[in-house]
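Data file: model_28.tsv. Format and content: TSV, C-alpha atoms.
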```tsv
chain	number	residue	atom	x	y	z
A	1	MET	CA	10.71	7.41	16.59
A	2	ILE	CA	8.93	4.85	14.44
A	3	ARG	CA	8.13	4.44	10.77
A	4	ILE	CA	5.77	1.74	9.55
A	5	PHE	CA	5.29	1.11	5.84
A	6	LEU	CA	2.26	-0.86	4.66
A	7	VAL	CA	2.66	-2.56	1.28
A	8	GLY	CA	0.43	-4.86	-0.72
A	9	TYR	CA	-1.88	-5.08	-3.68
A	10	MET	CA	-4.56	-2.47	-4.35
A	11	GLY	CA	-7.70	-3.16	-2.36
A	12	VAL	CA	-5.90	-5.13	0.35
A	13	GLY	CA	-6.74	-2.53	3.00
A	14	LYS	CA	-3.56	-0.47	3.36
A	15	SER	CA	-5.45	2.80	3.79
A	16	THR	CA	-8.16	1.35	6.02
A	17	LEU	CA	-5.82	-0.61	8.29
A	18	GLY	CA	-3.24	2.19	8.14
A	19	LYS	CA	-5.75	4.67	9.55
A	20	ALA	CA	-6.79	2.32	12.37
A	21	LEU	CA	-3.16	1.45	13.19
A	22	ALA	CA	-2.07	5.09	13.19
A	23	GLU	CA	-4.92	6.05	15.52
A	24	ARG	CA	-4.21	3.11	17.81
A	25	MET	CA	-0.47	3.85	18.03
A	26	LYS	CA	-0.96	7.65	18.10
A	27	LEU	CA	1.04	8.12	14.89
A	28	SER	CA	0.46	10.26	11.82
A	29	LEU	CA	-0.78	8.61	8.64
A	30	ILE	CA	0.70	9.35	5.23
A	31	ASP	CA	-0.92	7.84	2.14
A	32	THR	CA	1.65	8.11	-0.66
A	33	ASP	CA	-1.02	8.50	-3.34
A	34	ILE	CA	-2.59	11.44	-1.50
A	35	PHE	CA	0.87	12.85	-0.78
A	36	ILE	CA	1.69	12.80	-4.52
A	37	GLU	CA	-1.70	14.21	-5.53
A	38	ASN	CA	-1.28	17.09	-3.09
A	39	ARG	CA	2.28	17.75	-4.21
A	40	TYR	CA	1.43	17.80	-7.93
A	41	HIS	CA	-2.15	19.10	-7.65
A	42	ARG	CA	-3.30	16.30	-9.95
A	43	ARG	CA	-4.93	12.92	-9.54
A	44	ILE	CA	-2.68	9.86	-9.82
A	45	SER	CA	-4.59	8.71	-12.91
A	46	ASP	CA	-4.00	12.10	-14.57
A	47	ILE	CA	-0.27	12.02	-13.81
A	48	PHE	CA	-0.09	8.49	-15.18
A	49	ALA	CA	-2.02	9.42	-18.33
A	50	ALA	CA	-0.06	12.61	-19.00
A	51	HIS	CA	3.46	11.37	-18.25
A	52	GLY	CA	3.39	7.57	-18.41
A	53	GLU	CA	4.32	4.91	-15.92
A	54	GLU	CA	8.07	5.48	-15.92
A	55	ARG	CA	7.73	9.15	-14.95
A	56	PHE	CA	5.06	8.28	-12.37
A	57	ARG	CA	7.36	5.67	-10.79
A	58	ASP	CA	10.12	8.30	-10.52
A	59	ILE	CA	7.67	10.65	-8.77
A	60	GLU	CA	6.66	7.81	-6.45
A	61	HIS	CA	10.32	7.07	-5.65
A	62	ARG	CA	11.00	10.69	-4.72
A	63	ALA	CA	7.86	10.68	-2.57
A	64	ILE	CA	8.83	7.53	-0.64
A	65	CYS	CA	12.35	8.88	-0.11
A	66	GLU	CA	10.85	12.05	1.33
A	67	VAL	CA	8.24	10.43	3.58
A	68	SER	CA	10.78	7.88	4.80
A	69	GLN	CA	12.41	10.79	6.63
A	70	CYS	CA	9.23	11.57	8.59
A	71	GLU	CA	9.03	10.38	12.16
A	72	ASP	CA	6.25	8.61	14.05
A	73	VAL	CA	4.25	7.68	10.95
A	74	VAL	CA	2.32	4.91	9.31
A	75	VAL	CA	2.84	5.11	5.55
A	76	SER	CA	0.25	3.52	3.29
A	77	THR	CA	1.89	2.95	-0.10
A	78	GLY	CA	0.49	2.61	-3.57
A	79	GLY	CA	0.20	-1.01	-4.71
A	80	GLY	CA	3.01	-0.75	-7.28
A	81	LEU	CA	5.36	1.45	-5.27
A	82	PRO	CA	7.38	-1.40	-3.67
A	83	CYS	CA	8.11	-2.93	-7.08
A	84	PHE	CA	10.21	-0.14	-8.59
A	85	ASN	CA	13.39	1.87	-8.03
A	86	ASN	CA	14.65	-0.08	-4.99
A	87	ASN	CA	11.72	1.31	-2.98
A	88	MET	CA	11.57	-1.78	-0.75
A	89	ASP	CA	15.20	-1.17	0.23
A	90	VAL	CA	14.39	2.47	1.02
A	91	MET	CA	11.48	1.43	3.24
A	92	ASN	CA	13.30	-1.48	4.91
A	93	ASP	CA	16.23	0.82	5.71
A	94	ALA	CA	13.95	3.51	7.14
A	95	GLY	CA	11.53	1.48	9.26
A	96	ILE	CA	9.32	-1.56	9.63
A	97	THR	CA	7.68	-2.86	6.46
A	98	VAL	CA	4.46	-4.85	6.55
A	99	TYR	CA	3.09	-6.82	3.62
A	100	LEU	CA	-0.69	-7.06	3.91
A	101	LYS	CA	-1.43	-10.37	2.25
A	102	THR	CA	-4.85	-11.45	0.99
A	103	SER	CA	-6.13	-14.08	-1.45
A	104	VAL	CA	-6.86	-13.26	-5.08
A	105	THR	CA	-10.53	-14.11	-4.49
A	106	GLN	CA	-10.79	-11.67	-1.58
A	107	LEU	CA	-8.94	-8.93	-3.51
A	108	ALA	CA	-11.30	-9.35	-6.46
A	109	ALA	CA	-14.34	-9.13	-4.18
A	110	ARG	CA	-13.03	-5.98	-2.49
A	111	LEU	CA	-12.06	-4.30	-5.75
A	112	GLN	CA	-15.37	-5.23	-7.38
A	113	ALA	CA	-17.23	-3.63	-4.46
A	114	SER	CA	-14.93	-0.61	-4.28
A	115	LYS	CA	-16.47	2.81	-4.75
A	116	THR	CA	-13.16	4.02	-6.20
A	117	VAL	CA	-12.81	3.52	-9.94
A	118	ARG	CA	-9.36	2.15	-10.66
A	119	PRO	CA	-8.44	2.74	-14.30
A	120	VAL	CA	-6.39	-0.45	-14.64
A	121	LEU	CA	-9.43	-2.51	-13.61
A	122	LYS	CA	-11.97	-0.72	-15.78
A	123	ASN	CA	-14.39	-3.17	-17.47
A	124	ARG	CA	-12.83	-6.21	-15.76
A	125	THR	CA	-15.23	-8.38	-13.79
A	126	GLY	CA	-15.53	-11.90	-12.46
A	127	SER	CA	-12.96	-14.40	-13.68
A	128	GLU	CA	-11.26	-11.81	-15.90
A	129	LEU	CA	-10.68	-9.60	-12.85
A	130	GLU	CA	-9.36	-12.54	-10.82
A	131	ALA	CA	-7.01	-13.58	-13.64
A	132	PHE	CA	-5.67	-10.02	-13.93
A	133	ILE	CA	-5.08	-9.80	-10.17
A	134	ALA	CA	-3.45	-13.24	-10.03
A	135	ASP	CA	-1.08	-12.34	-12.86
A	136	SER	CA	-0.03	-8.97	-11.48
A	137	LEU	CA	0.19	-10.28	-7.91
A	138	ALA	CA	2.52	-13.06	-9.09
A	139	LYS	CA	4.84	-10.40	-10.55
A	140	ARG	CA	4.74	-8.22	-7.43
A	141	LYS	CA	4.98	-10.96	-4.80
A	142	GLN	CA	8.81	-11.04	-4.85
A	143	PHE	CA	8.86	-7.39	-3.82
A	144	TYR	CA	6.06	-7.53	-1.28
A	145	GLU	CA	7.66	-10.52	0.44
A	146	GLN	CA	10.78	-8.48	1.20
A	147	ALA	CA	8.75	-6.86	3.98
A	148	ARG	CA	9.86	-7.61	7.54
A	149	ILE	CA	6.35	-8.65	8.55
A	150	ILE	CA	3.90	-10.61	6.41
A	151	PHE	CA	0.42	-10.04	7.81
A	152	ASP	CA	-2.73	-11.93	6.85
A	153	ALA	CA	-5.32	-9.27	6.00
A	154	GLU	CA	-7.96	-11.66	4.68
A	155	VAL	CA	-10.59	-10.94	7.33
A	156	MET	CA	-11.41	-7.23	7.23
A	157	PHE	CA	-15.12	-6.96	6.60
A	158	ASP	CA	-16.27	-4.39	9.15
A	159	ASP	CA	-14.96	-1.83	11.63
A	160	ARG	CA	-14.61	-4.42	14.39
A	161	ASP	CA	-12.46	-6.65	12.16
A	162	VAL	CA	-10.27	-3.67	11.25
A	163	SER	CA	-9.86	-2.74	14.92
A	164	THR	CA	-8.93	-6.33	15.80
A	165	MET	CA	-6.45	-6.50	12.92
A	166	ALA	CA	-4.88	-3.18	13.97
A	167	ALA	CA	-4.37	-4.52	17.50
A	168	LEU	CA	-2.77	-7.73	16.21
A	169	LEU	CA	-0.52	-5.82	13.86
A	170	GLU	CA	0.51	-3.41	16.61
A	171	GLU	CA	1.64	-6.40	18.73
A	172	LEU	CA	3.78	-7.72	15.87
A	173	ILE	CA	5.31	-4.31	15.26
A	174	ILE	CA	6.17	-3.83	18.94
A	175	LYS	CA	8.02	-7.16	18.85
A	176	GLN	CA	10.05	-5.93	15.85
A	177	LYS	CA	11.25	-2.74	17.56
```

Just dump the structure as structure tokens.
Amino acid sequence: MIRIFLVGYMGVGKSTLGKALAERMKLSLIDTDIFIENRYHRRISDIFAAHGEERFRDIEHRAICEVSQCEDVVVSTGGGLPCFNNNMDVMNDAGITVYLKTSVTQLAARLQASKTVRPVLKNRTGSELEAFIADSLAKRKQFYEQARIIFDAEVMFDDRDVSTMAALLEELIIKQK
């Protein structure tokens, strides 16, 4: 039985690397954002808009408590999830946590190129986007760095890079078991 929790800033590659890692290790993949959307039959942005951040963070906490009971899974978390309601403790107690770490410049490039519109980033580009990411990453770093493994996810540009990164991460996880 294994549980792997991927944490890190939005756009770092938690979903992409999570999928590759789960396939490689023959585990199920749970994306907490999708889990919540399916449970509440609403998009994350709609839940946030209708109920506010505090209520959303409570929903997120209940979701991570529930999925932390699943076995043989890779869990891709929302970027803010580790920073609220002792969620890092929940994940560290339940399995192996991995902080996917990437530079502000790389995060900005990935988010700028993203096909997914992220409401918090709307109308932010260039240096304004980088400043926003740097500021919020500085606030979240203390939570992300509580992960058992800190993994450099800077180089994930194509499928081959993702496959290579998944193999490297699998090796680190096996050493942790």

Nearest to Leu137 in chain A by atom-to-atom distance, counting all atoms listed in the file, from A:Thr16, A:Ser103, A:Ser163, A:Thr125:
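Checking each of A:Thr16, A:Ser103, A:Ser163, A:Thr125 against Leu137 in chain A, counting all atoms listed in the file, the winner is A:Ser103.
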
Which neighbours of range 90-93 of chain A fall inside 8 Å, counting only C-alpha atoms, when residues of the same chain fewer than 2 positions from it are skipped, and could you give them as a ChimeraX atom specification?
/A:5,64-65,68,86-88,95-97,147-148

CA of Ile2 in chain A and CA of Lys19 in chain A are how many Å apart?
15.5 Å

What is the distance, in Å and to one decimal place, between CA of Ala22 in chain A and CA of Ile133 in chain A?
27.9 Å

Rounded to one decimal in Å, what is the spacing between CA of Pro82 in chain A and CA of Ala134 in chain A?
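Separation between CA of Pro82 in chain A and CA of Ala134 in chain A: 17.3 Å.
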
Of the candidates A:Asn38, A:Gln106, A:Ser136, A:Ser28, which shows the shortest atom-to-atom distance to Val74 in chain A, using all atoms listed in the file?
A:Ser28

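Shortest separation to Met165 in chain A among A:Leu6, A:Val104, A:Val12, A:Ala153 occurs at residue A:Ala153, atoms counted being all atoms listed in the file.
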
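In terms of minimum interatomic distance to Phe151 in chain A, A:Thr102 ranks closest within A:Thr102, A:Ser15, A:Thr32, A:Gln69, counting only C-alpha atoms.
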
Any idea what's packed within 9 Å of range 169-174 of chain A, counting all atoms listed in the file, ignoring anything in its chain fewer than 5 positions away? Could you give it as number ranges by chain?
A: 4, 21, 24-25, 96, 98, 149, 151, 164

Restricting it to C-alpha atoms, dump the selection as an mmCIF file, in the frame of the given file.
```
data_model
loop_
_atom_site.group_PDB
_atom_site.id
_atom_site.type_symbol
_atom_site.label_atom_id
_atom_site.label_comp_id
_atom_site.auth_asym_id
_atom_site.auth_seq_id
_atom_site.Cartn_x
_atom_site.Cartn_y
_atom_site.Cartn_z
ATOM 1 C CA ILE A 4 5.770 1.740 9.550
ATOM 2 C CA LEU A 21 -3.160 1.450 13.190
ATOM 3 C CA ARG A 24 -4.210 3.110 17.810
ATOM 4 C CA MET A 25 -0.470 3.850 18.030
ATOM 5 C CA ILE A 96 9.320 -1.560 9.630
ATOM 6 C CA VAL A 98 4.460 -4.850 6.550
ATOM 7 C CA ILE A 149 6.350 -8.650 8.550
ATOM 8 C CA PHE A 151 0.420 -10.040 7.810
ATOM 9 C CA THR A 164 -8.930 -6.330 15.800
#
```

If we count only C-alpha atoms and set the cut-off at 9 Å, which residues sit around Leu129 in chain A, ignoring sequence neighbours fewer than 5 positions away in its own chain? Please answer as a short mmCIF file (atom, residue, chain, number, x, y, z; two decimals) with C-alpha atoms, in the frame of the given file.
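Output file out.cif is given in full below:
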```cif
data_model
loop_
_atom_site.label_atom_id
_atom_site.label_comp_id
_atom_site.auth_asym_id
_atom_site.auth_seq_id
_atom_site.Cartn_x
_atom_site.Cartn_y
_atom_site.Cartn_z
CA ALA A 108 -11.30 -9.35 -6.46
CA LEU A 111 -12.06 -4.30 -5.75
CA GLN A 112 -15.37 -5.23 -7.38
CA LEU A 121 -9.43 -2.51 -13.61
CA ASN A 123 -14.39 -3.17 -17.47
CA ARG A 124 -12.83 -6.21 -15.76
CA ALA A 134 -3.45 -13.24 -10.03
#
```

Pick from A:Ala20, A:Ala94, A:Leu100, A:Ala167: nearest to Cys70 in chain A, with all atoms listed in the file counted?
A:Ala94

For Asn85 in chain A, which residue out of A:Ala131, A:Val162, A:Ile59, A:Ile44 is the nearest one, using only C-alpha atoms?
A:Ile59

Just need the box for range 91-100 of chain A, edges along x, y and z, holding every atom the file lists for it with 8 Å tacked onto each side, so centre and edge lengths in Å to one decimal, as AutoDock Vina command-line options.
```
--center_x 7.8 --center_y -1.8 --center_z 6.4 --size_x 32.9 --size_y 26.6 --size_z 22.4
```
